[in-house]
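Enquirer: Okay, so here is start_29.tsv, and as you'll see once you scroll down, it has TSV, C-alpha atoms.
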```
chain	number	residue	atom	x	y	z
A	30	MET	CA	19.97	126.14	-148.47
A	31	LYS	CA	22.31	123.83	-150.38
A	32	ASN	CA	21.60	120.98	-147.96
A	33	LEU	CA	17.85	121.50	-148.33
A	34	LEU	CA	18.12	121.35	-152.14
A	35	LEU	CA	20.28	118.24	-151.95
A	36	ARG	CA	17.79	116.54	-149.61
A	37	ILE	CA	14.90	117.40	-151.96
A	38	ASN	CA	16.87	116.06	-154.92
A	39	ASP	CA	17.82	112.95	-152.92
A	40	THR	CA	14.11	112.34	-152.35
A	41	LEU	CA	13.36	112.92	-156.05
A	42	TYR	CA	16.18	110.55	-156.97
A	43	MET	CA	14.94	107.80	-154.65
A	44	THR	CA	11.39	108.29	-155.94
A	45	CYS	CA	12.64	107.90	-159.52
A	46	ILE	CA	14.44	104.70	-158.57
A	47	TRP	CA	11.33	103.30	-156.87
A	48	VAL	CA	9.04	104.22	-159.78
A	49	ALA	CA	11.44	102.68	-162.31
A	50	GLY	CA	11.95	99.57	-160.19
A	51	LEU	CA	8.24	99.04	-159.58
A	52	SER	CA	7.61	99.50	-163.30
A	53	VAL	CA	10.05	96.71	-164.12
A	54	LEU	CA	8.49	94.51	-161.42
A	55	ALA	CA	5.00	95.13	-162.83
A	56	ILE	CA	6.23	94.29	-166.34
A	57	ALA	CA	7.76	91.08	-165.01
A	58	LEU	CA	4.37	90.10	-163.56
A	59	ILE	CA	2.15	91.27	-166.42
A	60	ILE	CA	3.96	89.63	-169.36
A	61	PRO	CA	3.88	86.09	-167.90
A	62	TRP	CA	0.17	86.57	-167.17
A	63	GLY	CA	-0.43	87.49	-170.81
A	64	VAL	CA	1.45	84.39	-171.98
A	65	PHE	CA	-0.39	82.18	-169.46
A	66	ALA	CA	-3.79	83.58	-170.44
A	67	ARG	CA	-3.12	83.10	-174.14
A	68	TYR	CA	-1.52	79.65	-174.19
A	69	VAL	CA	-2.85	77.92	-171.06
A	70	LEU	CA	-6.30	79.45	-170.64
A	71	GLY	CA	-6.81	79.93	-174.37
A	72	THR	CA	-8.22	83.44	-173.89
A	73	GLY	CA	-5.76	86.14	-174.82
A	74	SER	CA	-6.15	89.33	-172.81
A	75	SER	CA	-5.88	92.59	-174.69
A	76	TRP	CA	-4.43	94.64	-171.84
A	77	PRO	CA	-1.05	93.02	-170.88
A	78	GLU	CA	0.97	94.10	-173.92
A	79	PRO	CA	-0.09	97.79	-174.04
A	80	THR	CA	0.21	98.02	-170.26
A	81	ALA	CA	3.74	96.62	-170.38
A	82	ILE	CA	4.64	99.11	-173.13
A	83	LEU	CA	3.31	102.00	-171.04
A	84	LEU	CA	5.26	100.78	-168.02
A	85	MET	CA	8.38	100.52	-170.19
A	86	MET	CA	7.96	104.19	-171.15
A	87	LEU	CA	7.67	105.06	-167.47
A	88	PHE	CA	10.75	103.00	-166.66
A	89	THR	CA	12.72	104.53	-169.52
A	90	PHE	CA	12.09	108.23	-168.92
A	91	ILE	CA	11.98	108.21	-165.10
A	92	GLY	CA	14.83	105.71	-164.86
A	93	ALA	CA	16.94	107.84	-167.21
A	94	ALA	CA	16.60	110.80	-164.82
A	95	ALA	CA	17.80	108.67	-161.89
A	96	SER	CA	20.56	107.20	-164.03
A	97	TYR	CA	21.73	110.68	-165.01
A	98	ARG	CA	22.00	111.79	-161.39
A	99	ALA	CA	23.82	108.60	-160.41
A	100	GLY	CA	26.39	109.22	-163.13
A	101	ALA	CA	25.43	105.90	-164.73
A	102	HIS	CA	23.94	107.38	-167.87
A	103	MET	CA	25.64	106.63	-171.15
A	104	ALA	CA	28.60	108.92	-171.83
A	105	VAL	CA	31.50	108.76	-174.23
A	106	ALA	CA	34.47	110.38	-172.55
A	107	MET	CA	37.31	108.96	-174.60
A	108	LEU	CA	38.17	112.34	-176.15
A	109	THR	CA	37.47	114.58	-173.15
A	110	ASP	CA	39.52	112.41	-170.77
A	111	ARG	CA	42.63	113.18	-172.83
A	112	MET	CA	42.20	116.97	-172.71
A	113	ALA	CA	43.73	119.46	-170.33
A	114	PRO	CA	41.67	120.09	-167.16
A	115	PRO	CA	40.50	123.63	-168.13
A	116	MET	CA	39.28	122.40	-171.52
A	117	ARG	CA	37.66	119.36	-169.89
A	118	LYS	CA	35.76	121.62	-167.47
A	119	ALA	CA	34.58	123.90	-170.30
A	120	LEU	CA	33.37	120.93	-172.34
A	121	SER	CA	31.62	119.53	-169.28
A	122	ILE	CA	29.70	122.78	-168.82
A	123	PHE	CA	28.90	122.86	-172.53
A	124	SER	CA	27.58	119.29	-172.44
A	125	GLN	CA	25.45	120.11	-169.38
A	126	LEU	CA	23.95	123.07	-171.24
A	127	LEU	CA	23.22	120.82	-174.22
A	128	MET	CA	21.61	118.32	-171.87
A	129	ALA	CA	19.48	121.09	-170.34
A	130	THR	CA	18.37	122.06	-173.86
A	131	ILE	CA	17.30	118.48	-174.56
A	132	CYS	CA	15.43	118.35	-171.24
A	133	LEU	CA	13.61	121.59	-172.06
A	134	PHE	CA	12.71	120.18	-175.48
A	135	MET	CA	11.31	117.04	-173.85
A	136	ALA	CA	9.36	119.06	-171.27
A	137	ILE	CA	7.88	121.61	-173.69
A	138	TRP	CA	7.16	119.42	-176.71
A	139	GLY	CA	6.21	116.45	-174.53
A	140	THR	CA	3.61	118.61	-172.80
A	141	LYS	CA	2.32	119.79	-176.19
A	142	LEU	CA	2.09	116.16	-177.29
A	143	CYS	CA	0.12	115.25	-174.16
A	144	LEU	CA	-2.27	118.15	-174.64
A	145	SER	CA	-2.80	117.54	-178.36
A	146	THR	CA	-3.64	113.85	-177.80
A	147	TRP	CA	-5.63	114.33	-174.60
A	148	ASN	CA	-9.04	113.76	-176.21
A	149	GLN	CA	-8.00	110.51	-177.90
A	150	PHE	CA	-8.39	107.13	-176.22
A	151	MET	CA	-6.33	103.95	-176.61
A	152	SER	CA	-8.08	101.18	-178.51
A	153	ALA	CA	-6.61	98.41	-176.31
A	154	LEU	CA	-7.42	100.29	-173.08
A	155	PRO	CA	-10.50	102.36	-173.96
A	156	THR	CA	-10.67	104.24	-170.65
A	157	LEU	CA	-7.09	105.51	-170.92
A	158	ARG	CA	-6.40	108.80	-172.67
A	159	VAL	CA	-3.50	108.82	-175.11
A	160	GLY	CA	-2.27	112.08	-173.54
A	161	ILE	CA	-1.71	110.28	-170.24
A	162	THR	CA	0.40	107.64	-171.95
A	163	TYR	CA	2.83	110.32	-173.14
A	164	MET	CA	3.19	111.96	-169.71
A	165	PRO	CA	6.47	110.19	-168.82
A	166	ILE	CA	8.18	112.24	-171.56
A	167	PRO	CA	7.69	115.73	-170.06
A	168	ILE	CA	7.92	114.44	-166.49
A	169	GLY	CA	11.22	112.70	-167.26
A	170	GLY	CA	12.43	115.85	-169.02
A	171	VAL	CA	11.65	118.03	-165.99
A	172	LEU	CA	13.22	115.56	-163.54
A	173	THR	CA	16.37	115.28	-165.63
A	174	LEU	CA	16.49	119.07	-165.97
A	175	VAL	CA	16.40	119.36	-162.17
A	176	PHE	CA	19.36	116.98	-161.94
A	177	VAL	CA	21.22	118.82	-164.74
A	178	LEU	CA	20.76	122.15	-162.93
A	179	GLU	CA	21.89	120.49	-159.71
A	180	LYS	CA	25.06	119.30	-161.43
A	181	LEU	CA	25.72	122.74	-162.93
A	182	LEU	CA	25.07	124.69	-159.73
A	183	LEU	CA	25.99	122.29	-156.92
A	184	GLY	CA	28.43	119.92	-158.61
A	185	ASP	CA	28.34	116.24	-159.47
A	186	GLN	CA	26.40	114.26	-156.86
A	187	SER	CA	27.04	110.78	-158.23
A	188	ASN	CA	29.77	109.98	-155.68
A	189	ARG	CA	28.06	111.59	-152.69
A	190	ARG	CA	26.21	109.63	-150.05
A	191	VAL	CA	22.45	109.87	-150.49
A	192	VAL	CA	20.66	110.99	-147.33
A	193	ARG	CA	17.21	109.51	-146.90
A	194	PHE	CA	14.95	109.58	-143.83
A	195	ASP	CA	17.90	110.56	-141.60
A	196	LEU	CA	19.75	107.38	-142.62
A	197	VAL	CA	22.90	107.47	-144.68
A	198	GLU	CA	23.22	104.96	-147.51
A	199	GLU	CA	25.79	104.53	-150.21
A	200	SER	CA	24.56	105.90	-153.51
A	201	GLU	CA	24.73	103.64	-156.54
A	202	GLY	CA	27.62	105.62	-158.02
A	203	ALA	CA	29.85	105.44	-154.94
A	204	ALA	CA	31.70	102.17	-155.03
```
Show how you would write the structure in this file as structure tokens.

Expert:
Amino acid sequence: MKNLLLRINDTLYMTCIWVAGLSVLAIALIIPWGVFARYVLGTGSSWPEPTAILLMMLFTFIGAAASYRAGAHMAVAMLTDRMAPPMRKALSIFSQLLMATICLFMAIWGTKLCLSTWNQFMSALPTLRVGITYMPIPIGGVLTLVFVLEKLLLGDQSNRRVVRFDLVEESEGAA
């Protein structure tokens, strides 16, 4: 059962990495097009900037989930590294519970935000609902919560090899 959960989370992790990476790639293609259209063609497009902002939200919230699982998320451990091992373990569990609380907040209130703005449309992209633009918040919250629960129940996976499609690759955290 543990191996099945780890394989599912490995797939979620790799999906997060791909979504975040493709978002950055799309931003890198869209922004130069906006600059080219404005200054070379003389016809500024209205869609590149809001699209890049939406992709940045996707990159931020989905990429943060992957970063958390890889152990690359921002952490200040100066104080906890100097504590005795039992106290360090207790504080680690406490911080994971706080992180789970933040993830639940993002999932619940992010969903409420999506639902409350669902019938509004973006002025720059009139066919896009505002509620859709906020969807990375609850999705990122749920994905991060899955990785927090994995860390609490199955241990830290940041130094473990990531198994994908029956191939073994080094995870980003294992150097």

Enquirer: Just the residues within 7 Å of Thr173 (chain A), please, counting only C-alpha atoms, with nothing from its chain fewer than 3 positions along; format it as a ChimeraX atom specification.

Expert: /A:94,132,169-170,176-177

Enquirer: Quick one: of A:Gly92, A:Ile131, A:Met86, A:Met116, who's nearest to Tyr163 (chain A), counting all atoms listed in the file?

Expert: A:Met86

Enquirer: Between CA of Pro155 (chain A) and CA of Ser75 (chain A), what is the spacing in Å?

Expert: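 Between these atoms lies a distance of 10.8 Å.
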
Enquirer: Leaving out Gly139 (chain A) and any residue of its chain fewer than 4 positions from it, which residues lie within 12 Å of it when counting all atoms listed in the file, given as a PDB file with C-alpha atoms, in the coordinates of the input?

Expert:
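Output (part-v7.pdb):
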```pdb
ATOM      1  CA  PHE A  90      12.090 108.230-168.920  1.00  0.00           C
ATOM      2  CA  ILE A 131      17.300 118.480-174.560  1.00  0.00           C
ATOM      3  CA  CYS A 132      15.430 118.350-171.240  1.00  0.00           C
ATOM      4  CA  LEU A 133      13.610 121.590-172.060  1.00  0.00           C
ATOM      5  CA  PHE A 134      12.710 120.180-175.480  1.00  0.00           C
ATOM      6  CA  MET A 135      11.310 117.040-173.850  1.00  0.00           C
ATOM      7  CA  CYS A 143       0.120 115.250-174.160  1.00  0.00           C
ATOM      8  CA  LEU A 144      -2.270 118.150-174.640  1.00  0.00           C
ATOM      9  CA  SER A 145      -2.800 117.540-178.360  1.00  0.00           C
ATOM     10  CA  THR A 146      -3.640 113.850-177.800  1.00  0.00           C
ATOM     11  CA  GLY A 160      -2.270 112.080-173.540  1.00  0.00           C
ATOM     12  CA  ILE A 161      -1.710 110.280-170.240  1.00  0.00           C
ATOM     13  CA  THR A 162       0.400 107.640-171.950  1.00  0.00           C
ATOM     14  CA  TYR A 163       2.830 110.320-173.140  1.00  0.00           C
ATOM     15  CA  MET A 164       3.190 111.960-169.710  1.00  0.00           C
ATOM     16  CA  PRO A 165       6.470 110.190-168.820  1.00  0.00           C
ATOM     17  CA  ILE A 166       8.180 112.240-171.560  1.00  0.00           C
ATOM     18  CA  PRO A 167       7.690 115.730-170.060  1.00  0.00           C
ATOM     19  CA  ILE A 168       7.920 114.440-166.490  1.00  0.00           C
ATOM     20  CA  GLY A 169      11.220 112.700-167.260  1.00  0.00           C
ATOM     21  CA  GLY A 170      12.430 115.850-169.020  1.00  0.00           C
ATOM     22  CA  VAL A 171      11.650 118.030-165.990  1.00  0.00           C
TER      23      VAL A 171
END
```

Enquirer: I need the residue nearest Ile56 (chain A) from this list: A:Ala101, A:Val69, A:Leu87, A:Met43. Use all atoms listed in the file for the distance.

Expert: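 The shortest atom-to-atom distance to Ile56 (chain A) comes from A:Leu87.
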
Enquirer: Where atoms are missing, can you supply N, CA and C atoms for region 42-67 of chain A and output the lot as a JSON list (two decimals), in the coordinates of the input?

Expert:
```
[["chain", "number", "residue", "atom", "x", "y", "z"],
["A", 42, "TYR", "N", 15.36, 111.64, -156.43],
["A", 42, "TYR", "CA", 16.18, 110.55, -156.97],
["A", 42, "TYR", "C", 15.67, 109.20, -156.49],
["A", 43, "MET", "N", 15.44, 109.07, -155.19],
["A", 43, "MET", "CA", 14.94, 107.80, -154.65],
["A", 43, "MET", "C", 13.55, 107.48, -155.18],
["A", 44, "THR", "N", 12.72, 108.50, -155.37],
["A", 44, "THR", "CA", 11.39, 108.29, -155.94],
["A", 44, "THR", "C", 11.51, 107.78, -157.37],
["A", 45, "CYS", "N", 12.41, 108.37, -158.14],
["A", 45, "CYS", "CA", 12.64, 107.90, -159.52],
["A", 45, "CYS", "C", 13.07, 106.44, -159.53],
["A", 46, "ILE", "N", 13.97, 106.08, -158.64],
["A", 46, "ILE", "CA", 14.44, 104.70, -158.57],
["A", 46, "ILE", "C", 13.29, 103.76, -158.23],
["A", 47, "TRP", "N", 12.47, 104.15, -157.26],
["A", 47, "TRP", "CA", 11.33, 103.30, -156.87],
["A", 47, "TRP", "C", 10.32, 103.16, -158.01],
["A", 48, "VAL", "N", 10.01, 104.27, -158.67],
["A", 48, "VAL", "CA", 9.04, 104.22, -159.78],
["A", 48, "VAL", "C", 9.58, 103.33, -160.90],
["A", 49, "ALA", "N", 10.84, 103.50, -161.25],
["A", 49, "ALA", "CA", 11.44, 102.68, -162.31],
["A", 49, "ALA", "C", 11.48, 101.21, -161.89],
["A", 50, "GLY", "N", 11.88, 100.95, -160.67],
["A", 50, "GLY", "CA", 11.95, 99.57, -160.19],
["A", 50, "GLY", "C", 10.59, 98.89, -160.13],
["A", 51, "LEU", "N", 9.59, 99.60, -159.64],
["A", 51, "LEU", "CA", 8.24, 99.04, -159.58],
["A", 51, "LEU", "C", 7.66, 98.82, -160.98],
["A", 52, "SER", "N", 8.05, 99.68, -161.92],
["A", 52, "SER", "CA", 7.61, 99.50, -163.30],
["A", 52, "SER", "C", 8.16, 98.19, -163.87],
["A", 53, "VAL", "N", 9.43, 97.94, -163.63],
["A", 53, "VAL", "CA", 10.05, 96.71, -164.12],
["A", 53, "VAL", "C", 9.40, 95.49, -163.44],
["A", 54, "LEU", "N", 9.14, 95.60, -162.15],
["A", 54, "LEU", "CA", 8.49, 94.51, -161.42],
["A", 54, "LEU", "C", 7.10, 94.24, -162.00],
["A", 55, "ALA", "N", 6.34, 95.29, -162.25],
["A", 55, "ALA", "CA", 5.00, 95.13, -162.83],
["A", 55, "ALA", "C", 5.07, 94.49, -164.21],
["A", 56, "ILE", "N", 6.05, 94.90, -165.01],
["A", 56, "ILE", "CA", 6.23, 94.29, -166.34],
["A", 56, "ILE", "C", 6.53, 92.79, -166.19],
["A", 57, "ALA", "N", 7.38, 92.47, -165.23],
["A", 57, "ALA", "CA", 7.76, 91.08, -165.01],
["A", 57, "ALA", "C", 6.59, 90.23, -164.55],
["A", 58, "LEU", "N", 5.57, 90.84, -163.98],
["A", 58, "LEU", "CA", 4.37, 90.10, -163.56],
["A", 58, "LEU", "C", 3.30, 90.07, -164.66],
["A", 59, "ILE", "N", 3.21, 91.15, -165.41],
["A", 59, "ILE", "CA", 2.15, 91.27, -166.42],
["A", 59, "ILE", "C", 2.43, 90.39, -167.64],
["A", 60, "ILE", "N", 3.64, 90.39, -168.14],
["A", 60, "ILE", "CA", 3.96, 89.63, -169.36],
["A", 60, "ILE", "C", 3.72, 88.13, -169.17],
["A", 61, "PRO", "N", 4.19, 87.52, -168.08],
["A", 61, "PRO", "CA", 3.88, 86.09, -167.90],
["A", 61, "PRO", "C", 2.37, 85.83, -167.81],
["A", 62, "TRP", "N", 1.63, 86.75, -167.21],
["A", 62, "TRP", "CA", 0.17, 86.57, -167.17],
["A", 62, "TRP", "C", -0.40, 86.57, -168.58],
["A", 63, "GLY", "N", 0.05, 87.45, -169.44],
["A", 63, "GLY", "CA", -0.43, 87.49, -170.81],
["A", 63, "GLY", "C", -0.13, 86.20, -171.55],
["A", 64, "VAL", "N", 1.07, 85.66, -171.34],
["A", 64, "VAL", "CA", 1.45, 84.39, -171.98],
["A", 64, "VAL", "C", 0.60, 83.25, -171.42],
["A", 65, "PHE", "N", 0.43, 83.22, -170.11],
["A", 65, "PHE", "CA", -0.39, 82.18, -169.46],
["A", 65, "PHE", "C", -1.83, 82.24, -169.95],
["A", 66, "ALA", "N", -2.40, 83.44, -170.01],
["A", 66, "ALA", "CA", -3.79, 83.58, -170.44],
["A", 66, "ALA", "C", -3.96, 83.13, -171.89],
["A", 67, "ARG", "N", -3.00, 83.45, -172.72],
["A", 67, "ARG", "CA", -3.12, 83.10, -174.14],
["A", 67, "ARG", "C", -2.93, 81.61, -174.38]]
```
